[in-house]
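Following: one structure in structure tokens, then a few remarks.
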Amino acid sequence: MDNAIAAVRARAKPATELRYVFEPPKPDGSYVEVAPGLLWFRMPMPMTLDHINVYLLRDGEGWAVVDTGLGIPKTHELWEHIFGTVLAGQPMTRLICTHCHYDHAGSAAWLQQRFDVPLLMTYGEYMMLRSLMAPPPDPLPISHMDFYRWAGLNDEQIERMFAAMRKDPFMPQPPVSYQRIRPGEVLRIGERDWTVVLGEGHSPEHACLYSEQDKILIAGDQLLPRITSNVMVSPIEPEGDPLKHWIESMHRLRTLDNAALVLPSHQGVYYGVHERVDQVLEHHEMQFELLRSHLHEHGKATAIELMAVLFPRLRSAMDQLMALGETLAHLNFLRHAAGLHRERAAGQPDYFSVAG
């Protein structure tokens with residue numbers, strides 16, 4: 001397996017360094033003006049990934065907000081501070097959430113109520129936020145239990161994983177109304193036009209915003225500079241192929257101007273759209289090679305065994321859930337492309353092997 005990985009790395013072109021031109025703001029109400037009328041703030045998060053970037057866009061006499069931070073008192077206090085002092089009471093005109101995950105939309109309902117603003121999201125993201133951003137049911141449905149049994153977990157492991165998730169303190173209050181935005185739609189915000197660019201795989205209909213005129217991409221979680229977003233299969237759509245849609249999204253982003261300034265949801269603002277897309281695609285090719293190499297060596301393996309190949313160091317139940325989902329996404333991709341075979345027998349975990 002090590003030789004196979006080394007061969008993949010040898011074939012890969014040396015990664016071009018991304019260019020960072022701004023020091024990040026502190027998560028205390030400080031900001032960086034990355035372009036005229038475009039402010040970069042950070043909201044703190046009490047977790048390993050300890051911040052989320054949010055952006056304010058000058059919109060006439062007020063400001064449009066992109067993403068919210070977690071739905072916790074600290075976030076709400078910072079929003080009060082930003083609008084009451086930094087922006088001297090200028091109004092919030094609209095709230096745009098790139099997608100449904102609770103670091104991006106956790107304070108959406110609170111901001112709607114507090115500032116009386118419309119919430120703009122794609123249909124898929126809003127419905128996911130309304131229907132699925134909640135603690136897992138207890139007990140789990142039989143179909144969910146079967147999904148994790150097929151992956152190679154026993155009932156005790158499943159219950160232990162979901163018991164930890166039911167204690168998640170960050171589940172958001174769902175907003176009760178929204179305005180739909182669609183891929184390809186152009187939003188006029190202040191003096192700029194922003195085209196909605198569809199991202200898929202990490203979430204159903206992630207909305208990136210692209211200003212062709214000023215070469216700025218508000219990328220959300222679709223193009224993070226140093227980490228790759230989680231792309232996972234879940235029991236909601238066990239036969240889904242989200243990684244296929246994620247890869248298609250990467251190619252969509254690569255058609256944008258490489259001179260664009262990328263404003264991601266985490267880590268630093270940077271230049272290098274094409275370079276980062278290439279790095280992300282290379283990462284997934286290496287994940288595929290790890291799986292194929294292990295299966296060539298061992299003949300067959302369960303999803304939970306292959307998870308340990310891709311993700312050897314996991315810290316928590318949430319880490320395990322996301323890692324297993326992403327492992328299954330890679331396996332489903334290869335299986336749908338006729339590269340792997342899945343063997344399923346009653347009462348047994350699924351076994352994967354190289355097709356042919």
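The way I read the labels, and the way they are meant: chains A, B, ... in the order of the structure tokens, residue 1 as the first residue of every chain, and ligand 1 as the first ligand shown, with later ones counted on from there.
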
Which of stretch 98-343 of chain A counts as helix (DSSP H, G or I) under DSSP, as a PyMOL selection string please?
-> chain A and resi 102-105+108-115+123-132+142-151+155-165+242-254+273-298+303-310+317-336

Since we have the selection now, will you write its residues out, keeping C-alpha atoms, as a short mmCIF file (atom, residue, chain, number, x, y, z; two decimals), in the first residue's frame?
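File written: result-v1.cif
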data_model
loop_
_atom_site.label_atom_id
_atom_site.label_comp_id
_atom_site.auth_asym_id
_atom_site.auth_seq_id
_atom_site.Cartn_x
_atom_site.Cartn_y
_atom_site.Cartn_z
CA TYR A 102 -25.35 25.05 11.89
CA ASP A 103 -22.15 27.06 11.85
CA HIS A 104 -23.52 28.78 8.74
CA ALA A 105 -27.22 29.04 9.62
CA ALA A 108 -30.51 32.55 11.10
CA ALA A 109 -33.82 32.42 12.98
CA TRP A 110 -32.50 34.73 15.71
CA LEU A 111 -31.14 37.26 13.20
CA GLN A 112 -34.42 37.20 11.26
CA GLN A 113 -36.36 38.01 14.40
CA ARG A 114 -33.88 40.46 15.88
CA PHE A 115 -33.29 42.54 12.73
CA TYR A 123 -34.61 25.44 -1.69
CA GLY A 124 -32.59 22.33 -0.88
CA GLU A 125 -30.63 24.04 1.89
CA TYR A 126 -33.67 25.64 3.50
CA MET A 127 -35.63 22.38 3.51
CA MET A 128 -32.67 20.50 4.92
CA LEU A 129 -32.35 23.11 7.65
CA ARG A 130 -36.07 22.82 8.45
CA SER A 131 -36.29 19.03 8.37
CA LEU A 132 -32.98 17.46 9.36
CA ILE A 142 -34.65 0.30 11.70
CA SER A 143 -33.41 1.50 8.31
CA HIS A 144 -30.80 3.68 10.04
CA MET A 145 -29.67 0.82 12.28
CA ASP A 146 -29.36 -1.45 9.25
CA PHE A 147 -27.32 1.19 7.42
CA TYR A 148 -24.68 1.24 10.17
CA ARG A 149 -24.79 -2.53 10.65
CA TRP A 150 -24.04 -2.96 6.94
CA ALA A 151 -21.11 -0.60 7.41
CA ASP A 155 -25.54 -2.18 17.91
CA GLU A 156 -23.56 -1.06 20.97
CA GLN A 157 -21.19 0.99 18.82
CA ILE A 158 -24.12 2.58 16.97
CA GLU A 159 -25.93 3.54 20.15
CA ARG A 160 -22.75 4.92 21.72
CA MET A 161 -22.10 7.09 18.66
CA PHE A 162 -25.61 8.48 18.54
CA ALA A 163 -25.92 8.95 22.30
CA ALA A 164 -23.03 11.42 22.04
CA MET A 165 -24.67 13.17 19.08
CA PRO A 242 -22.49 12.85 -3.32
CA LEU A 243 -18.81 12.66 -4.20
CA LYS A 244 -19.68 12.57 -7.90
CA HIS A 245 -21.65 15.80 -7.45
CA TRP A 246 -18.85 17.30 -5.33
CA ILE A 247 -16.30 16.62 -8.08
CA GLU A 248 -18.65 18.13 -10.66
CA SER A 249 -18.90 21.20 -8.43
CA MET A 250 -15.12 21.46 -8.33
CA HIS A 251 -15.00 21.51 -12.12
CA ARG A 252 -17.70 24.22 -12.16
CA LEU A 253 -15.60 26.36 -9.86
CA ARG A 254 -12.55 25.84 -12.04
CA VAL A 273 -9.12 29.14 -7.46
CA HIS A 274 -7.66 26.74 -10.02
CA GLU A 275 -4.76 25.67 -7.82
CA ARG A 276 -7.06 24.84 -4.93
CA VAL A 277 -9.54 22.95 -7.11
CA ASP A 278 -6.66 20.85 -8.44
CA GLN A 279 -5.42 20.14 -4.91
CA VAL A 280 -8.89 19.02 -3.77
CA LEU A 281 -9.32 16.74 -6.76
CA GLU A 282 -5.87 15.27 -6.18
CA HIS A 283 -6.76 14.62 -2.53
CA HIS A 284 -9.76 12.53 -3.53
CA GLU A 285 -7.76 10.64 -6.15
CA MET A 286 -5.33 9.68 -3.39
CA GLN A 287 -8.24 8.53 -1.21
CA PHE A 288 -9.44 6.33 -4.07
CA GLU A 289 -5.94 4.91 -4.46
CA LEU A 290 -5.71 4.12 -0.74
CA LEU A 291 -8.96 2.15 -0.92
CA ARG A 292 -8.05 0.26 -4.09
CA SER A 293 -4.58 -0.55 -2.77
CA HIS A 294 -5.92 -1.89 0.54
CA LEU A 295 -8.51 -4.03 -1.24
CA HIS A 296 -5.93 -5.39 -3.70
CA GLU A 297 -3.78 -6.37 -0.72
CA HIS A 298 -6.51 -7.80 1.53
CA ALA A 303 -16.66 0.11 5.36
CA ILE A 304 -15.60 0.48 9.00
CA GLU A 305 -12.31 -1.29 8.24
CA LEU A 306 -11.73 0.97 5.26
CA MET A 307 -12.58 4.03 7.34
CA ALA A 308 -9.49 3.25 9.43
CA VAL A 309 -7.43 3.26 6.23
CA LEU A 310 -8.60 6.73 5.21
CA ALA A 317 -18.25 10.23 17.95
CA MET A 318 -18.91 13.09 15.52
CA ASP A 319 -15.51 12.49 13.90
CA GLN A 320 -16.40 8.82 13.49
CA LEU A 321 -19.81 9.59 12.01
CA MET A 322 -18.37 12.03 9.46
CA ALA A 323 -15.41 9.78 8.61
CA LEU A 324 -17.64 6.76 8.05
CA GLY A 325 -19.99 8.82 5.88
CA GLU A 326 -17.08 10.08 3.79
CA THR A 327 -15.63 6.59 3.45
CA LEU A 328 -18.99 5.39 2.15
CA ALA A 329 -19.08 8.33 -0.27
CA HIS A 330 -15.77 7.18 -1.77
CA LEU A 331 -16.96 3.56 -1.87
CA ASN A 332 -20.27 4.50 -3.51
CA PHE A 333 -18.44 6.60 -6.10
CA LEU A 334 -16.15 3.72 -7.03
CA ARG A 335 -19.00 1.23 -6.95
CA HIS A 336 -21.26 3.35 -9.20
#

For A:Pro25, work out the shell of residues within 8 Å, counting only C-alpha atoms and skipping chain neighbours fewer than 4 positions away, then give it as a PDB file with N, CA, C and O atoms, in the first residue's frame.
ATOM      1  N   SER A  30     -13.734  42.560  15.407  1.00  0.00           N
ATOM      2  CA  SER A  30     -12.794  43.190  14.480  1.00  0.00           C
ATOM      3  C   SER A  30     -13.126  42.749  13.056  1.00  0.00           C
ATOM      4  O   SER A  30     -13.774  41.727  12.839  1.00  0.00           O
ATOM      5  N   TYR A  31     -12.658  43.525  12.079  1.00  0.00           N
ATOM      6  CA  TYR A  31     -12.933  43.158  10.693  1.00  0.00           C
ATOM      7  C   TYR A  31     -11.783  43.588   9.796  1.00  0.00           C
ATOM      8  O   TYR A  31     -10.944  44.405  10.165  1.00  0.00           O
ATOM      9  N   VAL A  32     -11.782  42.992   8.588  1.00  0.00           N
ATOM     10  CA  VAL A  32     -10.863  43.373   7.522  1.00  0.00           C
ATOM     11  C   VAL A  32     -11.713  43.750   6.313  1.00  0.00           C
ATOM     12  O   VAL A  32     -12.623  43.007   5.926  1.00  0.00           O
ATOM     13  N   TRP A  40     -14.889  41.449   6.263  1.00  0.00           N
ATOM     14  CA  TRP A  40     -14.668  40.076   6.728  1.00  0.00           C
ATOM     15  C   TRP A  40     -14.608  40.092   8.255  1.00  0.00           C
ATOM     16  O   TRP A  40     -13.741  40.731   8.839  1.00  0.00           O
ATOM     17  N   PHE A  41     -15.565  39.385   8.871  1.00  0.00           N
ATOM     18  CA  PHE A  41     -15.585  39.187  10.317  1.00  0.00           C
ATOM     19  C   PHE A  41     -15.397  37.704  10.618  1.00  0.00           C
ATOM     20  O   PHE A  41     -15.546  36.851   9.737  1.00  0.00           O
ATOM     21  N   ARG A  42     -15.106  37.404  11.874  1.00  0.00           N
ATOM     22  CA  ARG A  42     -15.065  36.020  12.329  1.00  0.00           C
ATOM     23  C   ARG A  42     -15.939  35.852  13.563  1.00  0.00           C
ATOM     24  O   ARG A  42     -15.953  36.714  14.447  1.00  0.00           O
TER      25      ARG A  42
END

Point out the residue among A:Thr85, A:Gln90, A:Ser353, A:Asn258 with the least atom-to-atom distance to A:Glu61, counting only C-alpha atoms.
->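 Of A:Thr85, A:Gln90, A:Ser353, A:Asn258, the one nearest A:Glu61 is A:Gln90, counting only C-alpha atoms.
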
Residue neighbourhood A:Lys300, 8 Å, only C-alpha atoms, exclusion window fewer than 6 positions, as a list in words |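 So, after excluding close chain neighbours, the residues are Tyr351, Phe352, Ser353 and Val354 of chain A.
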
Which residues of stretch 263-355 of chain A come within 8 Å of stretch 43-52 of chain A, and for each one, what is the closest pair of atoms and their distance in Å to one decimal, counting only C-alpha atoms, sorted by chain and residue number, as CSV?
residue,atom,partner,partner_atom,distance
A:Ser265,CA,A:Ile52,CA,5.6
A:His266,CA,A:Ile52,CA,5.2
A:Gln267,CA,A:Ile52,CA,7.9

Would you write out those residues with N, CA, C and O atoms, as a PDB file, in the first residue's frame?
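Below is the file that was written, again_1.pdb:
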ATOM      1  N   SER A 265     -15.328  30.020   4.067  1.00  0.00           N
ATOM      2  CA  SER A 265     -16.002  30.085   5.369  1.00  0.00           C
ATOM      3  C   SER A 265     -15.081  29.780   6.540  1.00  0.00           C
ATOM      4  O   SER A 265     -15.457  30.036   7.682  1.00  0.00           O
ATOM      5  N   HIS A 266     -13.923  29.223   6.277  1.00  0.00           N
ATOM      6  CA  HIS A 266     -12.971  28.913   7.341  1.00  0.00           C
ATOM      7  C   HIS A 266     -11.560  29.195   6.818  1.00  0.00           C
ATOM      8  O   HIS A 266     -11.297  29.126   5.616  1.00  0.00           O
ATOM      9  N   GLN A 267     -10.676  29.507   7.744  1.00  0.00           N
ATOM     10  CA  GLN A 267      -9.278  29.790   7.433  1.00  0.00           C
ATOM     11  C   GLN A 267      -9.162  31.104   6.662  1.00  0.00           C
ATOM     12  O   GLN A 267      -9.980  32.009   6.856  1.00  0.00           O
TER      13      GLN A 267
END

Of the candidates A:Thr195, A:Thr302, A:Gln213, A:Ser203, which shows the shortest atom-to-atom distance to A:Ser229, using only C-alpha atoms?
->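 For A:Ser229, the nearest of the given residues is A:Ser203.
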
Looking at A:Pro24, A:Ala301, A:Arg188, A:Pro264, which one is nearest to A:Thr228, with distances taken over only C-alpha atoms?
-> A:Pro264

In Å, with one decimal, what is the gap from atom CA of A:Val196 to atom CA of A:Tyr210?
->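 Going from atom CA of A:Val196 over to atom CA of A:Tyr210 covers 6.6 Å.
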
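Residues with any atom within 12 Å of A:Ala134, counting only C-alpha atoms and excluding same-chain neighbours fewer than 6 positions away, are Cys100, His101, Tyr102, Gly106, Met128, Met165, Arg166, Lys167, Asp168, Pro169, Phe170, Met171, Pro172, Gln173 and Pro174 of chain A.
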
Which residue gives the smallest distance to A:Phe22 among A:Gly356, A:Glu239, A:Gly339, A:Tyr271, with only C-alpha atoms counted?
->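 Residue with the minimum atom-to-atom distance to A:Phe22: A:Tyr271.
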
Using only C-alpha atoms, the residue out of A:Gly71, A:Leu187, A:Glu205, A:Pro139 with shortest distance to A:Met121 is A:Glu205

Check stretch 158-340 of chain A with DSSP on the backbone and list each residue it calls strand (DSSP E or B), as an MDAnalysis selection string.
-> chainID A and resid 179:180 186:189 192:199 206:211 216:220 261:264 270:271 301 340

Residues near A:Gly62, cut-off 6 Å, only C-alpha atoms, skip fewer than 2 positions along chain, as an MDAnalysis selection string = chainID A and resid 59:60 90:93

Quick one, how far is atom CA of A:Pro36 from atom CA of A:His81?
->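 Atom-to-atom, atom CA of A:Pro36 to atom CA of A:His81, that is 21.6 Å.
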